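Quick look at final21.cif (mmCIF, C-alpha atoms):
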data_my_file
#
loop_
_atom_site.label_atom_id
_atom_site.label_comp_id
_atom_site.auth_asym_id
_atom_site.auth_seq_id
_atom_site.Cartn_x
_atom_site.Cartn_y
_atom_site.Cartn_z
CA MET A 1 -142.14 -62.26 0.44
CA THR A 2 -145.35 -64.07 -0.40
CA THR A 3 -146.73 -66.62 2.02
CA SER A 4 -146.75 -69.42 -0.56
CA ARG A 5 -143.07 -69.03 -1.32
CA ARG A 6 -142.11 -68.44 2.31
CA ARG A 7 -143.00 -72.04 3.06
CA PHE A 8 -140.28 -73.31 0.80
CA LEU A 9 -136.75 -74.20 1.72
CA GLY A 10 -134.06 -71.79 2.61
CA ILE A 11 -130.78 -72.98 3.78
CA GLY A 12 -127.81 -70.98 4.66
CA ILE A 13 -124.49 -72.41 4.17
CA SER A 14 -121.03 -71.53 4.70
CA VAL A 15 -117.71 -70.95 3.62
CA ALA A 16 -115.37 -72.20 1.02
CA GLY A 17 -112.88 -74.70 2.31
CA ALA A 18 -109.16 -74.28 2.64
CA ALA A 19 -108.65 -77.84 1.47
CA VAL A 20 -108.91 -76.67 -2.12
CA THR A 21 -105.87 -74.44 -1.99
CA GLY A 22 -103.83 -76.01 0.74
CA GLY A 23 -104.05 -72.82 2.77
CA THR A 24 -101.74 -70.73 0.57
CA LEU A 25 -101.91 -66.99 1.09
CA GLY A 26 -101.01 -66.27 -2.53
CA ALA A 27 -101.08 -62.58 -3.37
CA GLU A 28 -102.47 -61.58 0.01
CA SER A 29 -99.62 -61.76 2.48
CA ALA A 30 -99.86 -62.80 6.08
CA ALA A 31 -98.91 -59.28 7.08
CA ALA A 32 -102.07 -58.00 5.38
CA ALA A 33 -104.36 -60.60 6.92
CA PRO A 34 -107.56 -59.10 8.35
CA VAL A 35 -108.56 -59.36 11.96
CA SER A 36 -111.92 -60.95 11.24
CA GLN A 37 -112.64 -64.66 11.41
CA ASN A 38 -111.73 -66.87 8.45
CA PRO A 39 -115.06 -67.83 6.85
CA ASP A 40 -113.78 -71.38 6.40
CA SER A 41 -113.93 -71.83 10.18
CA ILE A 42 -117.49 -70.57 10.74
CA ARG A 43 -119.69 -72.95 12.69
CA GLY A 44 -122.40 -70.44 13.37
CA ILE A 45 -125.81 -70.26 14.98
CA LYS A 46 -128.49 -67.73 14.17
CA TRP A 47 -130.14 -65.57 16.83
CA ARG A 48 -133.33 -63.69 16.06
CA GLY A 49 -136.04 -61.85 17.94
CA ALA A 50 -138.76 -63.53 19.97
CA HIS A 51 -142.15 -63.94 18.36
CA ARG A 52 -145.06 -62.22 20.07
CA THR A 53 -148.80 -62.80 19.92
CA PRO A 54 -150.24 -60.02 17.73
CA GLN A 55 -152.90 -57.84 19.24
CA PRO A 56 -156.43 -57.88 17.74
CA GLY A 57 -156.31 -56.48 14.26
CA ASP A 58 -152.51 -56.65 14.06
CA THR A 59 -151.66 -58.91 11.13
CA THR A 60 -148.10 -57.75 10.46
CA THR A 61 -146.10 -57.78 13.70
CA THR A 62 -143.97 -60.91 14.06
CA LEU A 63 -141.09 -60.17 16.44
CA THR A 64 -140.27 -58.33 19.62
CA ALA A 65 -137.22 -56.10 19.77
CA ARG A 66 -135.77 -58.48 22.38
CA PHE A 67 -133.76 -61.49 21.25
CA ASP A 68 -135.30 -64.91 21.87
CA THR A 69 -133.72 -66.62 24.89
CA ALA A 70 -136.62 -68.80 26.08
CA GLY A 71 -136.75 -66.74 29.26
CA LEU A 72 -133.02 -66.56 30.04
CA SER A 73 -131.23 -63.30 30.68
CA TYR A 74 -128.82 -62.16 27.99
CA SER A 75 -125.91 -62.84 30.32
CA THR A 76 -127.04 -66.40 31.08
CA ALA A 77 -127.90 -67.10 27.45
CA ALA A 78 -124.52 -65.91 26.16
CA GLY A 79 -122.74 -67.93 28.84
CA SER A 80 -124.76 -71.03 28.01
CA LEU A 81 -123.82 -70.87 24.34
CA ASN A 82 -120.18 -70.40 25.23
CA ASN A 83 -120.29 -73.33 27.66
CA ASN A 84 -121.74 -75.54 24.93
CA ASN A 85 -118.91 -74.69 22.53
CA PHE A 86 -120.84 -72.29 20.31
CA ARG A 87 -118.28 -69.67 19.37
CA THR A 88 -119.95 -67.83 16.47
CA VAL A 89 -123.40 -66.25 16.29
CA VAL A 90 -125.18 -64.02 13.81
CA LEU A 91 -127.69 -61.52 15.23
CA ARG A 92 -130.74 -60.43 13.31
CA VAL A 93 -131.18 -56.68 12.97
CA ALA A 94 -134.94 -56.67 12.44
CA ASN A 95 -136.77 -54.37 10.08
CA LEU A 96 -139.05 -51.97 11.93
CA THR A 97 -142.00 -53.45 10.00
CA ASP A 98 -141.29 -56.76 11.76
CA LEU A 99 -141.46 -55.20 15.23
CA PRO A 100 -144.38 -53.96 17.35
CA ARG A 101 -145.86 -50.72 16.12
CA GLY A 102 -144.11 -47.72 17.57
CA THR A 103 -140.74 -49.43 18.05
CA THR A 104 -137.93 -47.02 17.20
CA LEU A 105 -134.54 -47.64 15.63
CA LYS A 106 -132.93 -46.72 18.94
CA GLN A 107 -135.00 -49.29 20.84
CA ARG A 108 -134.10 -51.98 18.32
CA ASP A 109 -130.42 -51.04 18.37
CA ASP A 110 -130.42 -50.91 22.19
CA GLU A 111 -131.29 -54.62 22.23
CA VAL A 112 -128.59 -55.46 19.70
CA ILE A 113 -126.01 -53.62 21.83
CA LYS A 114 -127.23 -55.25 25.08
CA LEU A 115 -126.75 -58.75 23.67
CA LEU A 116 -123.57 -57.78 21.85
CA ARG A 117 -122.11 -56.59 25.16
CA GLU A 118 -122.68 -60.00 26.76
CA LEU A 119 -121.31 -61.87 23.76
CA ASN A 120 -118.26 -59.63 23.74
CA ARG A 121 -117.72 -60.37 27.43
CA ARG A 122 -117.65 -64.08 26.57
CA GLY A 123 -115.21 -63.61 23.69
CA MET A 124 -117.72 -64.73 21.06
CA LYS A 125 -117.48 -63.93 17.35
CA VAL A 126 -120.53 -62.03 16.13
CA TYR A 127 -121.98 -61.06 12.75
CA LEU A 128 -124.96 -58.80 12.05
CA TRP A 129 -127.54 -59.57 9.38
CA LYS A 130 -130.65 -57.91 8.06
CA ARG A 131 -133.34 -59.08 5.66
CA GLN A 132 -132.99 -56.44 2.97
CA TRP A 133 -134.50 -56.37 -0.50
CA LEU A 134 -132.10 -54.62 -2.85
CA GLN A 135 -133.85 -54.97 -6.21
CA ARG A 136 -135.49 -51.53 -6.04
CA SER A 137 -133.69 -48.68 -7.75
CA ASP A 138 -134.48 -45.01 -8.14
CA ARG A 139 -132.87 -44.90 -11.59
CA PRO A 140 -131.59 -47.32 -14.27
CA TRP A 141 -128.84 -49.67 -13.16
CA GLY A 142 -125.37 -48.19 -13.46
CA PRO A 143 -122.01 -48.53 -11.74
CA TYR A 144 -122.84 -48.45 -8.04
CA ASN A 145 -125.80 -46.10 -8.47
CA LYS A 146 -127.64 -44.96 -5.37
CA HIS A 147 -130.21 -47.43 -4.17
CA PRO A 148 -132.78 -47.09 -1.35
CA GLY A 149 -132.53 -50.67 -0.06
CA ALA A 150 -128.76 -50.68 -0.05
CA GLU A 151 -128.68 -47.21 1.49
CA GLU A 152 -130.89 -48.38 4.35
CA PHE A 153 -128.63 -51.36 4.99
CA VAL A 154 -125.48 -49.22 4.88
CA LYS A 155 -126.90 -46.57 7.20
CA GLU A 156 -128.28 -48.96 9.83
CA MET A 157 -125.31 -51.33 9.93
CA SER A 158 -122.85 -48.44 10.06
CA ALA A 159 -124.72 -46.91 12.99
CA LEU A 160 -124.48 -50.18 14.94
CA ILE A 161 -120.79 -50.61 14.13
CA ASN A 162 -120.00 -47.06 15.24
CA ARG A 163 -122.02 -47.40 18.42
CA ALA A 164 -120.31 -50.67 19.33
CA ARG A 165 -116.97 -48.96 18.85
CA ARG A 166 -117.95 -46.03 21.06
CA GLU A 167 -119.04 -48.44 23.80
CA GLY A 168 -115.88 -50.52 23.59
CA ILE A 169 -117.51 -53.77 22.46
CA ALA A 170 -116.70 -53.78 18.74
CA SER A 171 -113.88 -56.30 19.06
CA THR A 172 -116.44 -59.09 18.97
CA LEU A 173 -117.89 -57.94 15.61
CA GLN A 174 -116.62 -59.88 12.60
CA GLY A 175 -118.79 -58.64 9.75
CA VAL A 176 -122.22 -57.92 8.28
CA MET A 177 -124.54 -59.40 5.69
CA PRO A 178 -127.79 -58.61 3.90
CA VAL A 179 -129.96 -61.70 3.32
CA GLU A 180 -132.80 -62.44 0.88
CA THR A 181 -131.83 -59.51 -1.32
CA ASN A 182 -134.25 -60.33 -4.18
CA LEU A 183 -131.76 -59.36 -6.90
CA ASN A 184 -132.44 -60.33 -10.50
CA ASN A 185 -129.05 -61.63 -11.65
CA SER A 186 -125.41 -62.06 -10.70
CA GLY A 187 -124.41 -58.71 -12.16
CA GLU A 188 -126.71 -57.00 -9.68
CA VAL A 189 -125.27 -59.14 -6.88
CA ARG A 190 -121.74 -57.96 -7.64
CA ASN A 191 -122.89 -54.36 -8.08
CA ARG A 192 -124.78 -54.19 -4.77
CA ALA A 193 -122.00 -55.92 -2.84
CA LEU A 194 -119.47 -53.28 -3.86
CA TYR A 195 -121.91 -50.46 -3.26
CA ILE A 196 -122.58 -51.69 0.28
CA ALA A 197 -118.88 -52.18 1.03
CA LYS A 198 -118.00 -48.68 -0.13
CA GLY A 199 -120.94 -47.17 1.75
CA ILE A 200 -120.08 -48.80 5.07
CA ASN A 201 -116.44 -47.85 4.75
CA ALA A 202 -117.39 -44.24 4.08
CA ARG A 203 -119.50 -44.12 7.26
CA THR A 204 -117.20 -46.10 9.55
CA GLY A 205 -113.69 -44.98 8.70
CA ASN A 206 -112.98 -48.07 6.55
CA TRP A 207 -114.12 -50.60 9.16
CA LEU A 208 -114.88 -53.23 6.52
CA LYS A 209 -111.31 -53.19 5.28
CA THR A 210 -110.41 -55.35 8.26
CA HIS A 211 -113.73 -57.20 8.52
CA THR A 212 -116.05 -59.44 6.52
CA LEU A 213 -118.90 -58.76 4.12
CA MET A 214 -121.13 -61.62 3.01
CA VAL A 215 -123.83 -61.39 0.33
CA PRO A 216 -126.21 -64.05 -0.99
CA GLY A 217 -126.71 -65.08 -4.59
CA GLY A 218 -129.50 -63.76 -6.79
CA GLY A 219 -133.16 -64.14 -5.90
CA MET A 220 -133.35 -65.19 -2.26
CA GLY A 221 -129.77 -66.45 -2.30
CA ALA A 222 -129.46 -69.55 -4.49
CA TYR A 223 -128.80 -68.14 -7.99
CA PHE A 224 -125.20 -67.72 -9.22
CA LYS A 225 -125.37 -68.13 -12.99
CA GLY A 226 -122.77 -65.81 -14.53
CA ILE A 227 -121.20 -64.87 -11.20
CA HIS A 228 -117.75 -65.65 -12.65
CA ASN A 229 -118.15 -62.88 -15.22
CA GLY A 230 -116.83 -60.45 -12.61
CA GLY A 231 -113.34 -61.90 -13.13
CA THR A 232 -110.36 -60.57 -11.24
CA THR A 233 -111.49 -56.97 -11.77
CA TRP A 234 -114.40 -57.41 -9.38
CA LEU A 235 -112.33 -59.43 -6.91
CA ASN A 236 -109.67 -56.72 -6.85
CA GLN A 237 -112.36 -54.09 -6.22
CA MET A 238 -113.83 -56.15 -3.37
CA LYS A 239 -110.36 -56.82 -1.95
CA ALA A 240 -109.78 -53.06 -1.79
CA GLN A 241 -112.93 -52.61 0.31
CA THR A 242 -113.06 -55.66 2.62
CA GLY A 243 -110.78 -57.73 4.79
CA ARG A 244 -112.70 -60.84 3.81
CA PHE A 245 -115.62 -61.61 1.52
CA ALA A 246 -117.94 -64.60 1.19
CA PHE A 247 -120.96 -65.43 -0.91
CA LEU A 248 -123.87 -66.85 1.06
CA TYR A 249 -125.78 -69.80 -0.34
CA LYS A 250 -129.40 -69.82 0.87
CA HIS A 251 -131.55 -72.66 -0.42
CA MET A 252 -134.72 -70.83 -1.28
CA PRO A 253 -136.58 -70.01 -4.51
CA SER A 254 -136.91 -66.53 -5.84
CA GLN A 255 -139.84 -64.22 -5.29
CA ASP A 256 -142.51 -64.74 -7.91
CA LEU A 257 -142.87 -62.47 -10.92
CA PRO A 258 -143.05 -59.49 -11.13
CA PHE A 259 -141.16 -58.91 -7.85
CA CYS A 260 -138.07 -60.66 -9.18
CA LYS A 261 -137.23 -61.68 -12.74
CA LEU A 262 -135.87 -64.98 -11.47
CA GLY A 263 -139.44 -65.93 -10.57
CA ARG A 264 -139.62 -67.40 -14.07
CA LEU A 265 -137.45 -70.26 -12.79
CA ASN A 266 -139.63 -71.23 -9.84
CA ASP A 267 -141.60 -74.02 -11.51
CA ARG A 268 -138.40 -75.89 -12.30
CA TRP A 269 -137.13 -75.19 -8.76
CA ASP A 270 -140.27 -76.73 -7.30
CA TYR A 271 -139.90 -79.81 -9.49
CA TYR A 272 -136.21 -80.44 -8.82
CA VAL A 273 -135.52 -79.22 -5.28
CA GLY A 274 -138.80 -77.97 -3.80
CA TYR A 275 -140.54 -79.52 -0.80
CA TRP A 276 -142.50 -81.91 -2.97
CA ALA A 277 -139.58 -82.81 -5.25
CA LYS A 278 -139.25 -86.49 -6.12
CA THR A 279 -135.90 -86.20 -7.87
CA THR A 280 -132.76 -88.10 -6.93
CA VAL A 281 -129.76 -86.59 -5.19
CA ASP A 282 -127.75 -86.63 -8.42
CA ARG A 283 -130.50 -84.89 -10.40
CA GLN A 284 -130.82 -82.23 -7.73
CA ILE A 285 -127.08 -81.60 -7.79
CA SER A 286 -127.15 -81.33 -11.60
CA TYR A 287 -130.02 -78.85 -11.44
CA LEU A 288 -128.31 -76.67 -8.84
CA ARG A 289 -125.04 -76.63 -10.79
CA ASN A 290 -126.51 -75.98 -14.22
CA ASP A 291 -129.81 -74.12 -13.79
CA MET A 292 -128.93 -72.18 -10.65
CA GLY A 293 -125.29 -71.57 -11.56
CA LEU A 294 -123.43 -73.37 -8.78
CA ALA A 295 -121.01 -74.56 -11.48
CA ASP A 296 -120.18 -70.90 -12.22
CA LEU A 297 -119.70 -70.26 -8.50
CA GLU A 298 -117.33 -73.24 -8.29
CA ARG A 299 -115.36 -71.94 -11.26
CA TYR A 300 -115.09 -68.46 -9.78
CA MET A 301 -114.19 -69.38 -6.23
CA HIS A 302 -111.77 -72.21 -6.92
CA GLY A 303 -110.22 -70.63 -10.00
CA HIS A 304 -109.11 -67.53 -8.10
CA ARG A 305 -108.58 -68.92 -4.60
CA ALA A 306 -104.80 -68.90 -4.76
CA GLN A 307 -104.73 -65.22 -5.78
CA PHE A 308 -107.58 -64.08 -3.52
CA PRO A 309 -107.65 -66.45 -0.52
CA ASN A 310 -109.55 -63.98 1.67
CA HIS A 311 -112.23 -63.15 -0.89
CA THR A 312 -113.27 -66.45 -2.48
CA HIS A 313 -115.44 -68.11 0.14
CA VAL A 314 -118.94 -69.57 0.21
CA VAL A 315 -120.97 -69.82 3.43
CA PHE A 316 -124.13 -71.91 3.85
CA TRP A 317 -126.96 -69.95 5.43
CA GLY A 318 -129.91 -71.51 7.23
CA ASP A 319 -132.56 -70.66 9.79
CA VAL A 320 -135.33 -72.43 11.62
CA ASN A 321 -138.04 -71.87 9.02
CA GLU A 322 -135.91 -72.47 5.97
CA GLY A 323 -133.01 -74.51 7.20
CA ILE A 324 -131.89 -78.09 6.98
CA TYR A 325 -134.35 -79.11 9.68
CA ALA A 326 -137.19 -78.52 7.22
CA LEU A 327 -135.67 -81.03 4.81
CA SER A 328 -135.41 -83.83 7.37
CA ALA A 329 -138.18 -86.19 6.36
CA LEU A 330 -138.57 -89.20 4.14
CA GLY A 331 -141.17 -91.35 2.44
CA SER A 332 -144.72 -90.80 3.65
CA GLN A 333 -143.69 -87.73 5.63
CA ALA A 334 -144.15 -85.40 2.66
CA PRO A 335 -143.77 -82.54 1.90
CA TRP A 336 -140.20 -82.59 3.25
CA ASN A 337 -137.55 -84.11 1.05
CA TYR A 338 -134.34 -85.25 2.72
CA ASN A 339 -132.78 -85.85 -0.69
CA THR A 340 -132.27 -82.08 -0.89
CA ALA A 341 -130.31 -82.02 2.37
CA ARG A 342 -128.15 -84.84 1.00
CA ALA A 343 -127.69 -83.07 -2.32
CA LEU A 344 -126.65 -79.84 -0.63
CA HIS A 345 -124.22 -81.53 1.72
CA THR A 346 -122.69 -83.52 -1.13
CA LEU A 347 -122.35 -80.49 -3.41
CA LEU A 348 -121.32 -77.83 -0.94
CA VAL A 349 -119.30 -79.74 1.63
CA LYS A 350 -118.06 -83.02 0.16
CA ARG A 351 -117.29 -81.83 -3.36
CA ASN A 352 -116.43 -78.16 -2.94
CA HIS A 353 -115.10 -78.21 0.63
CA TRP A 354 -117.20 -75.20 1.66
CA HIS A 355 -117.37 -75.98 5.34
CA GLY A 356 -118.63 -72.79 6.99
CA TYR A 357 -122.29 -72.46 7.97
CA PHE A 358 -124.95 -70.72 10.02
CA LEU A 359 -127.57 -73.32 10.99
CA ASN A 360 -130.45 -73.38 13.45
CA LEU A 361 -131.40 -71.21 16.42
CA PRO A 362 -130.17 -71.27 20.03
CA PHE A 363 -132.96 -71.67 22.62
CA THR A 364 -136.44 -73.12 22.93
CA TYR A 365 -138.62 -74.35 25.78
CA GLU A 366 -138.27 -77.94 26.91
CA GLY A 367 -141.25 -80.00 25.81
CA ARG A 368 -142.25 -77.54 23.12
CA ALA A 369 -144.63 -79.06 20.61
CA LYS A 370 -143.23 -80.30 17.33
CA PRO A 371 -142.40 -79.07 14.73
CA GLU A 372 -141.39 -76.01 16.73
CA LEU A 373 -138.80 -78.06 18.58
CA TYR A 374 -136.84 -78.80 15.41
CA GLY A 375 -134.04 -76.43 14.56
CA TYR A 376 -133.19 -75.32 18.12
CA MET A 377 -129.95 -76.38 19.75
CA ILE A 378 -130.65 -75.95 23.48
CA THR A 379 -133.84 -76.58 25.45
CA VAL A 380 -134.74 -74.53 28.53
CA ASP A 381 -136.92 -75.75 31.40
CA ARG A 382 -139.71 -73.22 32.00
CA GLN A 383 -139.69 -73.75 35.76
CA ASN A 384 -136.04 -73.61 36.73
CA GLY A 385 -134.21 -72.43 33.61
CA ASN A 386 -132.10 -75.58 33.34
CA ARG A 387 -130.59 -76.05 29.89
CA ALA A 388 -129.93 -79.23 27.91
CA LYS A 389 -128.66 -80.09 24.44
CA ASN A 390 -131.51 -80.81 22.06
CA HIS A 391 -131.18 -84.48 21.18
CA THR A 392 -134.64 -84.66 19.62
CA THR A 393 -134.56 -86.89 16.55
CA ASN A 394 -135.03 -85.06 13.26
CA ARG A 395 -138.11 -85.58 11.12
CA SER A 396 -136.48 -88.35 9.11
CA GLY A 397 -135.57 -90.31 12.21
CA THR A 398 -131.96 -90.47 11.02
CA HIS A 399 -130.09 -88.13 13.40
CA PRO A 400 -130.60 -86.00 16.50
CA ILE A 401 -130.92 -82.26 15.88
CA TRP A 402 -127.70 -81.71 17.79
CA TRP A 403 -125.86 -84.17 15.51
CA GLU A 404 -127.03 -82.45 12.32
CA TRP A 405 -125.70 -79.09 13.42
CA GLN A 406 -122.41 -80.44 14.77
CA ASN A 407 -121.67 -82.57 11.71
CA TRP A 408 -122.59 -80.39 8.75
CA ALA A 409 -118.93 -79.48 8.09
CA ASN A 410 -117.89 -83.16 8.23
CA GLU A 411 -117.34 -84.28 4.64
CA ASN A 412 -117.90 -87.92 5.62
CA ALA A 413 -121.14 -87.30 7.51
CA ALA A 414 -124.01 -89.47 6.32
CA PHE A 415 -126.86 -87.07 5.65
#

Would you mind giving the structure from this file in structure tokens?
Amino acid sequence: MTTSRRRFLGIGISVAGAAVTGGTLGAESAAAAPVSQNPDSIRGIKWRGAHRTPQPGDTTTTLTARFDTAGLSYSTAAGSLNNNNFRTVVLRVANLTDLPRGTTLKQRDDEVIKLLRELNRRGMKVYLWKRQWLQRSDRPWGPYNKHPGAEEFVKEMSALINRARREGIASTLQGVMPVETNLNNSGEVRNRALYIAKGINARTGNWLKTHTLMVPGGGMGAYFKGIHNGGTTWLNQMKAQTGRFAFLYKHMPSQDLPFCKLGRLNDRWDYYVGYWAKTTVDRQISYLRNDMGLADLERYMHGHRAQFPNHTHVVFWGDVNEGIYALSALGSQAPWNYNTARALHTLLVKRNHWHGYFLNLPFTYEGRAKPELYGYMITVDRQNGNRAKNHTTNRSGTHPIWWEWQNWANENAAF
């Protein structure tokens, strides 16, 4: 991803709400219900690796293999989240190019398993995600053709699933998701989702048939125009491969041309919902529904919810660099535009009842300089390890960070 685009928004949201259908199971009976968490109930937090200071001449390394705990042990960190009523986390499975040179897949996976073991001990619900571009193909697009990016995701996630099962800690795992897939259209999104589901099932003895797969929209996750063209045929195919399915909505523009064909839309994105956007909440909602296809997503998810209650969800995805915290500023505090946070909450939560979300990160040091303090839920004292809820006021001065995370699923919340 280019540096210029990386600065722009990216929000991850959650799951389609049960309020739309009244909770009916429809064609999927209670007896067939999967063991994984209902996406509607996700109130998730994202956990990624710790940043390191690159060595001289190293301009690419960004993360350590270890997960960021602000100095806490994995056991203490997992317990602290549990004690603060965090019940769902998503762990980043980093690309080797993001880790110090020489890091192996085994070393990376060892860290995932170490933290997973502690989260399992606490009874937490855990998802695995990986930043994975899927737009590359070794031949013209066809029905579920082989694909190097998707193959990498399938292979690495399957290995972690199988290892967790061998070590007796897989009960905590709920599902997996690629993020920022860089796909060119909704047809590719549907194609890759099925390819990944089939691939993981083939390597794990059909593990996904009782668990959850989530995939973002086109581009970096915000494009859904034409997604409804899959009809019930695609939903039936996905139902045959997964216990649950959810689309991820990530509020972020596409890669520029020529990396992604959706780059042609980025100028309008910047004008309507970018950091410097001066448009009203209503105009932003109209743009997202019409230009980015959220109206098609609404049609698809709500129109088939009664028949496919386990496979018609939408989850809001966000992280510290591209999450709602980056939108929390008003007036002279440009470039952040809180109108976008209000537009997203109105569209996704209030109007469509998509309540599930992954927002913000767990731990940071107490007294950390702003803006690094924004987007973290718990502060840690460097001297004694004491933890406290992060009640720092957001950039707009409207709410504490803790309030924003806790209240995103509240349809009456005043963002």

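The gap separating CA of His353 in chain A from CA of Arg305 in chain A is 12.5 Å, in Å to one decimal.
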
> By how many Å are CA of Arg368 in chain A and CA of Leu327 in chain A apart?
Replying inline: 19.8 Å

Pull out every residue that the PyMOL selection byres ((chain A and resi 39) around 12) matches in the shown coordinates and put them as an mmCIF file with C-alpha atoms, in the frame of the given file.
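Okay, result.cif is ready:
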data_model
loop_
_atom_site.group_PDB
_atom_site.id
_atom_site.type_symbol
_atom_site.label_atom_id
_atom_site.label_comp_id
_atom_site.auth_asym_id
_atom_site.auth_seq_id
_atom_site.Cartn_x
_atom_site.Cartn_y
_atom_site.Cartn_z
ATOM 1 C CA ILE A 13 -124.490 -72.410 4.170
ATOM 2 C CA SER A 14 -121.030 -71.530 4.700
ATOM 3 C CA VAL A 15 -117.710 -70.950 3.620
ATOM 4 C CA ALA A 16 -115.370 -72.200 1.020
ATOM 5 C CA GLY A 17 -112.880 -74.700 2.310
ATOM 6 C CA ALA A 18 -109.160 -74.280 2.640
ATOM 7 C CA PRO A 34 -107.560 -59.100 8.350
ATOM 8 C CA VAL A 35 -108.560 -59.360 11.960
ATOM 9 C CA SER A 36 -111.920 -60.950 11.240
ATOM 10 C CA GLN A 37 -112.640 -64.660 11.410
ATOM 11 C CA ASN A 38 -111.730 -66.870 8.450
ATOM 12 C CA ASP A 40 -113.780 -71.380 6.400
ATOM 13 C CA SER A 41 -113.930 -71.830 10.180
ATOM 14 C CA ILE A 42 -117.490 -70.570 10.740
ATOM 15 C CA ARG A 43 -119.690 -72.950 12.690
ATOM 16 C CA GLY A 44 -122.400 -70.440 13.370
ATOM 17 C CA THR A 88 -119.950 -67.830 16.470
ATOM 18 C CA LYS A 125 -117.480 -63.930 17.350
ATOM 19 C CA TYR A 127 -121.980 -61.060 12.750
ATOM 20 C CA GLN A 174 -116.620 -59.880 12.600
ATOM 21 C CA GLY A 175 -118.790 -58.640 9.750
ATOM 22 C CA HIS A 211 -113.730 -57.200 8.520
ATOM 23 C CA THR A 212 -116.050 -59.440 6.520
ATOM 24 C CA LEU A 213 -118.900 -58.760 4.120
ATOM 25 C CA MET A 214 -121.130 -61.620 3.010
ATOM 26 C CA GLY A 243 -110.780 -57.730 4.790
ATOM 27 C CA ARG A 244 -112.700 -60.840 3.810
ATOM 28 C CA PHE A 245 -115.620 -61.610 1.520
ATOM 29 C CA ALA A 246 -117.940 -64.600 1.190
ATOM 30 C CA PHE A 247 -120.960 -65.430 -0.910
ATOM 31 C CA LEU A 248 -123.870 -66.850 1.060
ATOM 32 C CA PRO A 309 -107.650 -66.450 -0.520
ATOM 33 C CA ASN A 310 -109.550 -63.980 1.670
ATOM 34 C CA HIS A 311 -112.230 -63.150 -0.890
ATOM 35 C CA THR A 312 -113.270 -66.450 -2.480
ATOM 36 C CA HIS A 313 -115.440 -68.110 0.140
ATOM 37 C CA VAL A 314 -118.940 -69.570 0.210
ATOM 38 C CA VAL A 315 -120.970 -69.820 3.430
ATOM 39 C CA PHE A 316 -124.130 -71.910 3.850
ATOM 40 C CA TRP A 354 -117.200 -75.200 1.660
ATOM 41 C CA HIS A 355 -117.370 -75.980 5.340
ATOM 42 C CA GLY A 356 -118.630 -72.790 6.990
ATOM 43 C CA TYR A 357 -122.290 -72.460 7.970
ATOM 44 C CA PHE A 358 -124.950 -70.720 10.020
#

>> I'd like the contact shell of range 128-135 of chain A - 8 Å cut-off, only C-alpha atoms, skipping same-chain residues fewer than 2 positions apart - returned as a ChimeraX atom specification.
In response: /A:90-95,126,137,147-150,153,157,173,175-184,192,260

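Shortest separation to Trp47 in chain A among A:Thr64, A:Thr393, A:Asn360, A:Asn229 occurs at residue A:Asn360, atoms counted being only C-alpha atoms.
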
> Interatomic distance between CA of Glu152 in chain A and CA of Val189 in chain A?
Replying inline: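 That distance, rounded to one decimal, is 16.5 Å.
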
> Quick one: which residues end up in the PyMOL selection byres ((chain A and resi 218) around 9) for this structure, as a PyMOL selection string?
Replying inline: chain A and resi 180-189+216-217+219-225+254+262

>> Can you spell out as a ChimeraX atom specification the set of residues that the PyMOL selection byres ((chain A and resi 281) around 10) selects in the structure I just provided?
In response: /A:272-273,278-280,282-287,338-344,346-347

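Checking A:Leu99, A:Leu359, A:Ile227, A:Ile161 one by one against Thr53 in chain A, counting all atoms listed in the file, you find the shortest gap at A:Leu99.
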
Would you list the contacts of Ile378 in chain A as a short mmCIF file (atom, residue, chain, number, x, y, z; two decimals) with C-alpha atoms, in the frame of the given file, taking every protein, DNA or RNA residue within 10 Å and counting all atoms listed in the file, but skipping same-chain residues closer than 5 positions in sequence?
data_model
loop_
_atom_site.label_atom_id
_atom_site.label_comp_id
_atom_site.auth_asym_id
_atom_site.auth_seq_id
_atom_site.Cartn_x
_atom_site.Cartn_y
_atom_site.Cartn_z
CA THR A 69 -133.72 -66.62 24.89
CA ALA A 70 -136.62 -68.80 26.08
CA SER A 80 -124.76 -71.03 28.01
CA LEU A 81 -123.82 -70.87 24.34
CA ASN A 84 -121.74 -75.54 24.93
CA LEU A 361 -131.40 -71.21 16.42
CA PRO A 362 -130.17 -71.27 20.03
CA PHE A 363 -132.96 -71.67 22.62
CA THR A 364 -136.44 -73.12 22.93
CA TYR A 365 -138.62 -74.35 25.78
CA GLU A 366 -138.27 -77.94 26.91
CA LEU A 373 -138.80 -78.06 18.58
CA ASN A 386 -132.10 -75.58 33.34
CA ARG A 387 -130.59 -76.05 29.89
CA ALA A 388 -129.93 -79.23 27.91
CA LYS A 389 -128.66 -80.09 24.44
CA ASN A 390 -131.51 -80.81 22.06
CA HIS A 391 -131.18 -84.48 21.18
CA ILE A 401 -130.92 -82.26 15.88
CA TRP A 402 -127.70 -81.71 17.79
#

> Between A:Ala159, A:Ile169, A:Leu288, A:Val154, which is the closest to Lys114 in chain A once you count all atoms listed in the file?
Replying inline: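 Nearest candidate to Lys114 in chain A out of A:Ala159, A:Ile169, A:Leu288, A:Val154: A:Ile169.
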
> With distances taken over all atoms listed in the file, which of A:Gly231, A:Trp317, A:Arg108, A:Arg101 is nearest to Pro54 in chain A?
Replying inline: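 Closest to Pro54 in chain A of all the choices is A:Arg101.
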
> Out of A:Phe86, A:Tyr300, A:Trp207, A:Trp408, which residue has the shortest atom-to-atom distance to Leu235 in chain A when counting all atoms listed in the file?
Replying inline: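 The answer is A:Tyr300, which sits nearest to Leu235 in chain A.
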